[in-house]
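Heads up: the structure comes next, in structure tokens.
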Amino acid sequence: MTKSISVSIADNVADTLFIPLYMRCLETKRPDGVINDPMSCELVEKIDYDFSKYKNSPRSQLGVAVRIRRFDEAVSDFIESHDDPVVILVGAGLDTRFERVYNGKGMFYELDLPEVIELRRQLLPESENNCYMAGSMFETDWIDEIKGKHPDASFIVVAEGVFMYFEEKQIRPLITEIAERLGAGELHFDVSSKWGVRQSHRHETVKKTNAAFQWGVEDDRELEAWSPNLRYMDTTGYFHTAKKRWGIMGILARTFIPGLRKAFRMLHYKMVPQAGH
């Protein structure tokens, strides 16, 4: 098949979007795959990009799949349990969450840099219930724009494979503004420990890019100190799903080496408006 879409992503962090796309496709091809995302394989077939450099990355493949499944479940549960749900995907890349979980209810917004949104529109045209927003997540007018369109909605914000590439001094005000300006809802994102950040140059796939991890979190509750609107709910690890496939590393992480277990994990916070706001 002739690759029909050429890409040239200038931003180093944005370029990492091809990792989870390819990992989703590889996982989908497994008979025992943790996820099923045939759309990802359709996209890989259309894009003129050297995916081969990410081949033979079993830990990244499984990790991406576990993360996808966890966040898909969180979004599906949120949509089911709220009357007016709005889903905001920050740093959406070429994710196909809308195609995987949309059931006719709720509104989706997918935010990413203009060059990424341009590519998304070529490959995945937006629809009435799935709106694309081109811009930096740090230019936070998008928060008020979405809130203004849905003043009475409940919001779930998902940032997948995004926050750890930036420094805390960038992420802290962003998360604080999300929590304080959107109102009631949930925030889901993945983090690395500080040790995990230091291993960025050894990461199975990230080491093959020009990006690197910057933000490490030691205490899963530490964001509660950032804003009274943030309430820690729970942490999901990676190594209790598909245990056989994690092999000896999974056994070590689950049983003997807490530092390995905490190197990468997924956090769930509630956004709780304060009285008078």
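We name chains A, B, ... following the order of the structure tokens; residues begin at 1 in each chain, and ligands are numbered from 1 as shown.
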
Practice task
Quick one: pick out all alpha helix (DSSP H) residues within region 21-100 of chain A from a backbone DSSP run and write them as a ChimeraX atom specification.
Solution key: /A:21-28,38-46,58-81,97-100

Keeping C-alpha atoms, export the residues of the selection given above as a PDB file, in the first residue's frame.
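Below you can see again_5.pdb, which holds the result:
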ATOM      1  CA  LEU A  21      -0.097   5.072  17.623  1.00  0.00           C
ATOM      2  CA  TYR A  22       2.253   2.311  16.478  1.00  0.00           C
ATOM      3  CA  MET A  23       2.139   0.508  19.843  1.00  0.00           C
ATOM      4  CA  ARG A  24      -1.680   0.446  19.655  1.00  0.00           C
ATOM      5  CA  CYS A  25      -1.522  -1.078  16.207  1.00  0.00           C
ATOM      6  CA  LEU A  26       0.981  -3.753  17.232  1.00  0.00           C
ATOM      7  CA  GLU A  27      -1.081  -4.614  20.307  1.00  0.00           C
ATOM      8  CA  THR A  28      -4.251  -4.842  18.233  1.00  0.00           C
ATOM      9  CA  PRO A  38      -8.128  -1.388  14.343  1.00  0.00           C
ATOM     10  CA  MET A  39      -8.320   2.302  13.445  1.00  0.00           C
ATOM     11  CA  SER A  40      -4.720   2.711  14.653  1.00  0.00           C
ATOM     12  CA  CYS A  41      -3.545   0.198  12.058  1.00  0.00           C
ATOM     13  CA  GLU A  42      -5.460   2.018   9.331  1.00  0.00           C
ATOM     14  CA  LEU A  43      -3.656   5.218  10.285  1.00  0.00           C
ATOM     15  CA  VAL A  44      -0.230   3.544  10.342  1.00  0.00           C
ATOM     16  CA  GLU A  45      -0.878   2.264   6.822  1.00  0.00           C
ATOM     17  CA  LYS A  46      -1.695   5.774   5.587  1.00  0.00           C
ATOM     18  CA  PRO A  58       7.434  -5.058  24.038  1.00  0.00           C
ATOM     19  CA  ARG A  59       7.428  -3.117  27.319  1.00  0.00           C
ATOM     20  CA  SER A  60       6.362   0.116  25.649  1.00  0.00           C
ATOM     21  CA  GLN A  61       3.739  -1.728  23.634  1.00  0.00           C
ATOM     22  CA  LEU A  62       2.215  -3.329  26.699  1.00  0.00           C
ATOM     23  CA  GLY A  63       2.511  -0.178  28.787  1.00  0.00           C
ATOM     24  CA  VAL A  64       0.723   1.917  26.166  1.00  0.00           C
ATOM     25  CA  ALA A  65      -2.021  -0.697  25.898  1.00  0.00           C
ATOM     26  CA  VAL A  66      -2.547  -0.877  29.666  1.00  0.00           C
ATOM     27  CA  ARG A  67      -2.703   2.913  29.853  1.00  0.00           C
ATOM     28  CA  ILE A  68      -5.135   3.127  26.939  1.00  0.00           C
ATOM     29  CA  ARG A  69      -7.458   0.590  28.522  1.00  0.00           C
ATOM     30  CA  ARG A  70      -7.403   2.332  31.899  1.00  0.00           C
ATOM     31  CA  PHE A  71      -8.185   5.759  30.467  1.00  0.00           C
ATOM     32  CA  ASP A  72     -10.809   4.370  28.073  1.00  0.00           C
ATOM     33  CA  GLU A  73     -12.559   2.781  31.046  1.00  0.00           C
ATOM     34  CA  ALA A  74     -12.361   6.036  33.012  1.00  0.00           C
ATOM     35  CA  VAL A  75     -13.916   8.019  30.155  1.00  0.00           C
ATOM     36  CA  SER A  76     -16.619   5.416  29.524  1.00  0.00           C
ATOM     37  CA  ASP A  77     -17.538   5.291  33.217  1.00  0.00           C
ATOM     38  CA  PHE A  78     -17.640   9.089  33.412  1.00  0.00           C
ATOM     39  CA  ILE A  79     -19.910   9.382  30.378  1.00  0.00           C
ATOM     40  CA  GLU A  80     -22.220   6.719  31.754  1.00  0.00           C
ATOM     41  CA  SER A  81     -22.509   8.317  35.198  1.00  0.00           C
ATOM     42  CA  ARG A  97     -10.452   7.402  21.936  1.00  0.00           C
ATOM     43  CA  PHE A  98     -13.571   8.986  20.471  1.00  0.00           C
ATOM     44  CA  GLU A  99     -13.859   6.148  17.959  1.00  0.00           C
ATOM     45  CA  ARG A 100     -13.312   3.567  20.707  1.00  0.00           C
TER      46      ARG A 100
END

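Excluding Asp144 (chain A) and any residue on its chain fewer than 3 positions from it, the residues at most 12 Å away by only C-alpha atoms are A:Glu139, A:Thr140, A:Asp141, A:Lys147, A:Gly148, A:Lys149, A:His150, A:Pro151, A:Glu177, A:Ile178, A:Ala179, A:Glu180, A:Arg181, A:Leu182, A:Gly183.
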
Practice task
For CA of Val206 (chain A) and CA of Thr16 (chain A), quote the distance in Å rounded to one decimal.
Solution key: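 Taking CA of Val206 (chain A) and CA of Thr16 (chain A), their separation equals 7.4 Å.
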
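Nearest to Asn129 (chain A) of all the residues A:Ile117, A:Ile9, A:Met107, A:Val157 is A:Met107, based on only C-alpha atoms.
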
Practice task
In Å, rounded to a single decimal, give me how far CA of Ile156 (chain A) is from CA of Leu124 (chain A).
Solution key: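 Going from CA of Leu124 (chain A) over to CA of Ile156 (chain A) covers 21.7 Å.
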
Kindly assemble as a tab-separated table a list of the region 170-270 of chain A residues that lie within 10 Å of region 87-93 of chain A, each paired with its nearest atom pair and their distance in Å to one decimal, using only C-alpha atoms, sorted first by chain and then by ascending residue number.
residue	atom	partner	partner_atom	distance
A:Gly185	CA	A:Val87	CA	9.8
A:Glu186	CA	A:Val87	CA	9.7
A:Leu187	CA	A:Ile88	CA	9.5
A:His188	CA	A:Leu89	CA	9.8
A:Phe189	CA	A:Val90	CA	9.6

Practice task
One decimal, Å: what's the distance from CA of Phe213 (chain A) over to CA of His201 (chain A), could you say?
Solution key: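 Interatomic distance here is 8.7 Å.
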
Practice task
Within region 1-80 of chain A, find each residue whose DSSP state, derived from the backbone, is strand (DSSP E), and express the selection as a list in words.
Solution key: Ile5, Ser6, Ile47 and Asp48 of chain A

The selected residues should be written to file as a PDB file, in the first residue's frame (atoms: N, CA and C atoms).
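For reference, selection_4.pdb as written:
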ATOM      1  N   ILE A   5      -0.063   9.959   3.252  1.00  0.00           N
ATOM      2  CA  ILE A   5       0.030  11.161   4.059  1.00  0.00           C
ATOM      3  C   ILE A   5       1.468  11.342   4.535  1.00  0.00           C
ATOM      4  N   SER A   6       2.128  12.387   4.083  1.00  0.00           N
ATOM      5  CA  SER A   6       3.476  12.688   4.562  1.00  0.00           C
ATOM      6  C   SER A   6       3.372  13.575   5.791  1.00  0.00           C
ATOM      7  N   ILE A  47       0.189   6.670   6.843  1.00  0.00           N
ATOM      8  CA  ILE A  47       1.177   7.701   7.164  1.00  0.00           C
ATOM      9  C   ILE A  47       2.568   7.311   6.673  1.00  0.00           C
ATOM     10  N   ASP A  48       3.201   8.235   5.987  1.00  0.00           N
ATOM     11  CA  ASP A  48       4.575   8.028   5.519  1.00  0.00           C
ATOM     12  C   ASP A  48       5.527   8.426   6.644  1.00  0.00           C
TER      13      ASP A  48
END

Show me, as CSV, the residues of region 194-249 of chain A having an atom within 7 Å of region 159-169 of chain A, each with the closest atom pair and its distance in Å, using only C-alpha atoms.
residue,atom,partner,partner_atom,distance
A:Ala212,CA,A:Tyr165,CA,6.0
A:Phe213,CA,A:Tyr165,CA,4.4
A:Gln214,CA,A:Tyr165,CA,5.1
A:Trp215,CA,A:Met164,CA,4.8
A:Gly216,CA,A:Met164,CA,6.9

Handout entry: Near-Phe264 (chain A) list (7 Å; only C-alpha atoms; drop same-chain fewer than 4 positions) as a PyMOL selection string
Key = chain A and resi 191-193+196

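Each of A:Leu174, A:Arg245, A:Ser127, A:Pro20 was checked against Tyr102 (chain A) using only C-alpha atoms; the smallest atom-to-atom distance is that of A:Ser127.
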